[in-house]
Amino acid sequence: MNKNDTVTLDIFDVTEDGKGVGKYENTIIFVPLAAVGDRVNVRIIKVLKNYCIGKLVEIITPSKDRIVSDCEYFSKCGGCAFRHINYDSELMLKSKRVEDCIRRIAKIDLSPQNAVSDGNILRYRNKAQLPVGQDGIIGFYANHSHRIIEIDDCLLHRREFTDAVNALKIWIKSSNISIFDSESGKGLLRHFYLRCSKNCENIMAVLVINGDEIKDKELLVSLLKDALGEKLKSVELNINKKNNNVILGYENKLVFGEDHIIDEICAVKVRLSANSFYQVNRGMAELLYNKAKDYANPENLNVIDLYCGTGTIGLTMAKEAKSVIGVEIVEDAVKDARINAELNGISNAEFICGDAAFAVKELKKRNIEADVVVLDPPRKGCEQSVLEIVANDFCPERIVYVSCDPSTLARDVSVLNSLGYSLKEYTPFDLFPRTKHVETVALLSRKPDLQVELQIELDDLDITTAEMKATYPQIKEYILNEFGLKVSSLNISQIKNECGLKTRENFNKSQNDNYHQPNCPDDKRQAIITALKHFKII
């Protein structure tokens, strides 16, 4: 296979980022804008060791799923991946991707529940982060590039965002504002950032700048007011002087209105500042949060919400829960979460600034047991140390995992499975129609201790009196009553092995040869030793 060769392909699959997959003489070829079922002519534009990249030249026979794209920028912009196929097919592909990851990475033979969508595939985004290029062009980056494609109107954004962009363009030209250049590190204006509440009732406009101030602020506010009217509630400057790919800095300066807007989700009011994390598809986020609450079944239970951000998931469970404790390492997010609890008059929710290990210590001080743990990590998923803390220290009956990346979800489910938690059910949610992204909510439950009833003759067994004195559940119950600690069968087995007692092989042992078995924490070790002495096992 050589560059510029032309080949005919039948597209039989699609990658996670929407590229069609074909095969020619045992060589895999990835083809952007191709659909499963297409027969196409393709020109090879890149030859690599194990695969090639092709450019779609001609559609010989179109897929039954193929449609005419409704966006003139689709083939140029890097935002959407599936505007060339019907939405039912997109939903099926996303569900298949999640299932493939669970089966291939987690090695769990379990099909997903039906993928959830509210059918709204246009104008659903409540946030836009738009790079500003030289000559004042505003749009999106082309695929795998820092070249900005100027876009007059994005079909995923609210129409009000387009009105605001047009107002900003007038201000840039009138005030002769310099544009940031990443190569030289010079220039002022970097990004235009917009967010809104339900039905675009409240709008925040943020200019990300490589500096401390802008000129002609009054003109900027006047132009935005003319474009957005009473919906404009906030205009801010976000200071980002670092020459990197991170959009927002940490310092914000108020130009007009309030430094936040208010939205409502699942009957919970949410205060949103410029740096607050918030799902971009509010309608679908409500459905996702309701499923998370259904899986958690939090009635009269203690819910620990790790990676809680501004507290939205935990606060939607607070009405039914005994208590909600959110844990987050970003201090500003914790402040927003506390304000959100106060805003809603929720008194049984509190928020801790720290990591999972710190939260364990805090809960032990207060003798609070974790009944349910909610995990909503960033795209990279959870570190193994966090999963070990959840399984071995929190020891909840249920774990609800909200994921924005199927591959890291599957990886973490595999680790949790080795730590004693089985995947019971998972549901894909399409919060990002027409793009490559998909969210998933998964329910994991703690595995019961392995109990096998056997009728045996004791004389036939070489068993010591000590080994017959107490069962694992009895040891666990004693430790819980005496020390307020939940210990796992793995913990007990480890300490019995340390004491020279034979134990059965851990039934939760990972099949991964490289898996590092977590050590039993010191406080649990001492409690287990005390229990073994109590039952005269040692």
# chains A, B, ... in the order shown; residues from 1 in each chain; ligands from 1

call {"tool": "residues_around", "arguments": {"residues": "A:Arg379", "least_positions_apart": "5", "cutoff": "10 Å", "atoms": "only C-alpha atoms", "output": "ChimeraX atom specification"}}
result
/A:403-409

call {"tool": "closest_atom_pairs", "arguments": {"of": "stretch 394-454 of chain A", "to": "stretch 116-136 of chain A", "cutoff": "6 Å", "atoms": "only C-alpha atoms", "output": "CSV"}}
result
residue,atom,partner,partner_atom,distance
A:Phe429,CA,A:Val116,CA,4.8
A:Asp430,CA,A:Ser117,CA,5.6
A:Pro433,CA,A:Ile121,CA,5.4

call {"tool": "write_last_selection", "arguments": {"atoms": "N, CA, C and O atoms", "output": "PDB file, in the first residue's frame"}}
result
ATOM      1  N   PHE A 429     -25.859   6.862  28.166  1.00  0.00           N
ATOM      2  CA  PHE A 429     -26.663   8.083  28.029  1.00  0.00           C
ATOM      3  C   PHE A 429     -26.005   8.977  26.989  1.00  0.00           C
ATOM      4  O   PHE A 429     -24.820   9.304  27.118  1.00  0.00           O
ATOM      5  N   ASP A 430     -26.771   9.398  25.995  1.00  0.00           N
ATOM      6  CA  ASP A 430     -26.196  10.244  24.944  1.00  0.00           C
ATOM      7  C   ASP A 430     -26.397  11.716  25.293  1.00  0.00           C
ATOM      8  O   ASP A 430     -27.364  12.347  24.866  1.00  0.00           O
ATOM      9  N   PRO A 433     -25.244  14.309  21.489  1.00  0.00           N
ATOM     10  CA  PRO A 433     -25.649  13.854  20.155  1.00  0.00           C
ATOM     11  C   PRO A 433     -24.838  14.510  19.044  1.00  0.00           C
ATOM     12  O   PRO A 433     -24.456  15.677  19.126  1.00  0.00           O
TER      13      PRO A 433
END

call {"tool": "select_by_dssp", "arguments": {"residues": "stretch 110-282 of chain A", "states": "alpha helix (DSSP H)", "output": "mmCIF file with C-alpha atoms, in the first residue's frame"}}
result
data_model
loop_
_atom_site.group_PDB
_atom_site.id
_atom_site.type_symbol
_atom_site.label_atom_id
_atom_site.label_comp_id
_atom_site.auth_asym_id
_atom_site.auth_seq_id
_atom_site.Cartn_x
_atom_site.Cartn_y
_atom_site.Cartn_z
ATOM 1 C CA ARG A 159 -29.137 30.720 18.840
ATOM 2 C CA GLU A 160 -28.397 33.350 21.492
ATOM 3 C CA PHE A 161 -24.750 32.252 21.454
ATOM 4 C CA THR A 162 -24.520 33.164 17.764
ATOM 5 C CA ASP A 163 -26.001 36.589 18.550
ATOM 6 C CA ALA A 164 -23.379 37.084 21.270
ATOM 7 C CA VAL A 165 -20.541 36.051 18.935
ATOM 8 C CA ASN A 166 -21.680 38.564 16.318
ATOM 9 C CA ALA A 167 -21.692 41.298 18.990
ATOM 10 C CA LEU A 168 -18.168 40.356 20.055
ATOM 11 C CA LYS A 169 -16.929 40.544 16.459
ATOM 12 C CA ILE A 170 -18.183 44.136 16.217
ATOM 13 C CA TRP A 171 -16.410 45.003 19.481
ATOM 14 C CA ILE A 172 -13.120 43.420 18.355
ATOM 15 C CA LYS A 173 -13.167 45.421 15.138
ATOM 16 C CA SER A 174 -14.312 48.692 16.728
ATOM 17 C CA SER A 175 -11.796 48.560 19.596
ATOM 18 C CA LYS A 217 -15.665 47.619 28.466
ATOM 19 C CA GLU A 218 -18.763 49.832 28.305
ATOM 20 C CA LEU A 219 -19.005 49.302 24.537
ATOM 21 C CA LEU A 220 -18.650 45.536 24.967
ATOM 22 C CA VAL A 221 -21.457 45.400 27.534
ATOM 23 C CA SER A 222 -23.668 47.645 25.412
ATOM 24 C CA LEU A 223 -23.229 45.448 22.320
ATOM 25 C CA LEU A 224 -23.925 42.251 24.298
ATOM 26 C CA LYS A 225 -27.010 43.830 25.874
ATOM 27 C CA ASP A 226 -28.296 44.809 22.429
ATOM 28 C CA ALA A 227 -27.798 41.196 21.265
ATOM 29 C CA LEU A 228 -29.123 39.354 24.331
ATOM 30 C CA ARG A 282 -29.090 19.982 30.884
#

call {"tool": "residues_around", "arguments": {"residues": "A:Val402", "least_positions_apart": "3", "cutoff": "12 Å", "atoms": "only C-alpha atoms", "output": "PyMOL selection string"}}
result
chain A and resi 285+288-293+295-296+305-308+313+373-379+381-382+399+405-406+408-410+412-413+426-429+438-444

call {"tool": "atom_distance", "arguments": {"atom1": "atom CA of A:Glu482", "atom2": "atom CA of A:Lys364"}}
result
13.7 Å

call {"tool": "closest_residue", "arguments": {"among": "A:Leu431, A:Ile339, A:Leu485, A:Thr471", "to": "A:Pro396", "atoms": "only C-alpha atoms"}}
result
A:Leu485

call {"tool": "residues_around", "arguments": {"residues": "A:Lys233", "least_positions_apart": "4", "cutoff": "9 Å", "atoms": "only C-alpha atoms", "output": "CSV table (one decimal) with N, CA and C atoms, in the first residue's frame"}}
result
chain,number,residue,atom,x,y,z
A,202,ASN,N,-30.9,32.8,31.6
A,202,ASN,CA,-29.7,33.6,32.2
A,202,ASN,C,-28.5,33.2,31.4
A,203,ILE,N,-27.7,34.2,31.0
A,203,ILE,CA,-26.5,34.0,30.1
A,203,ILE,C,-25.3,34.7,30.8
A,204,MET,N,-24.2,34.0,30.8
A,204,MET,CA,-23.0,34.5,31.2
A,204,MET,C,-22.0,34.6,30.0
A,205,ALA,N,-21.3,35.7,29.9
A,205,ALA,CA,-20.3,35.9,28.8
A,205,ALA,C,-19.0,36.1,29.4
A,256,PHE,N,-19.7,43.1,34.4
A,256,PHE,CA,-21.1,43.6,34.4
A,256,PHE,C,-22.0,42.5,35.1
A,257,GLY,N,-22.9,42.9,35.9
A,257,GLY,CA,-23.9,42.0,36.5
A,257,GLY,C,-23.4,41.2,37.7
A,258,GLU,N,-23.7,39.9,37.8
A,258,GLU,CA,-23.3,39.1,38.9
A,258,GLU,C,-22.1,38.2,38.5
A,259,ASP,N,-21.5,37.6,39.4
A,259,ASP,CA,-20.3,36.7,39.1
A,259,ASP,C,-20.8,35.3,38.9
A,260,HIS,N,-22.1,35.1,38.7
A,260,HIS,CA,-22.6,33.7,38.6
A,260,HIS,C,-24.0,33.8,37.9
A,261,ILE,N,-24.5,32.7,37.5
A,261,ILE,CA,-25.9,32.6,37.0
A,261,ILE,C,-26.5,31.4,37.8

call {"tool": "closest_residue", "arguments": {"among": "A:Asn392, A:Ser422, A:Gln113, A:Asn252", "to": "A:Ser489", "atoms": "only C-alpha atoms"}}
result
A:Asn392
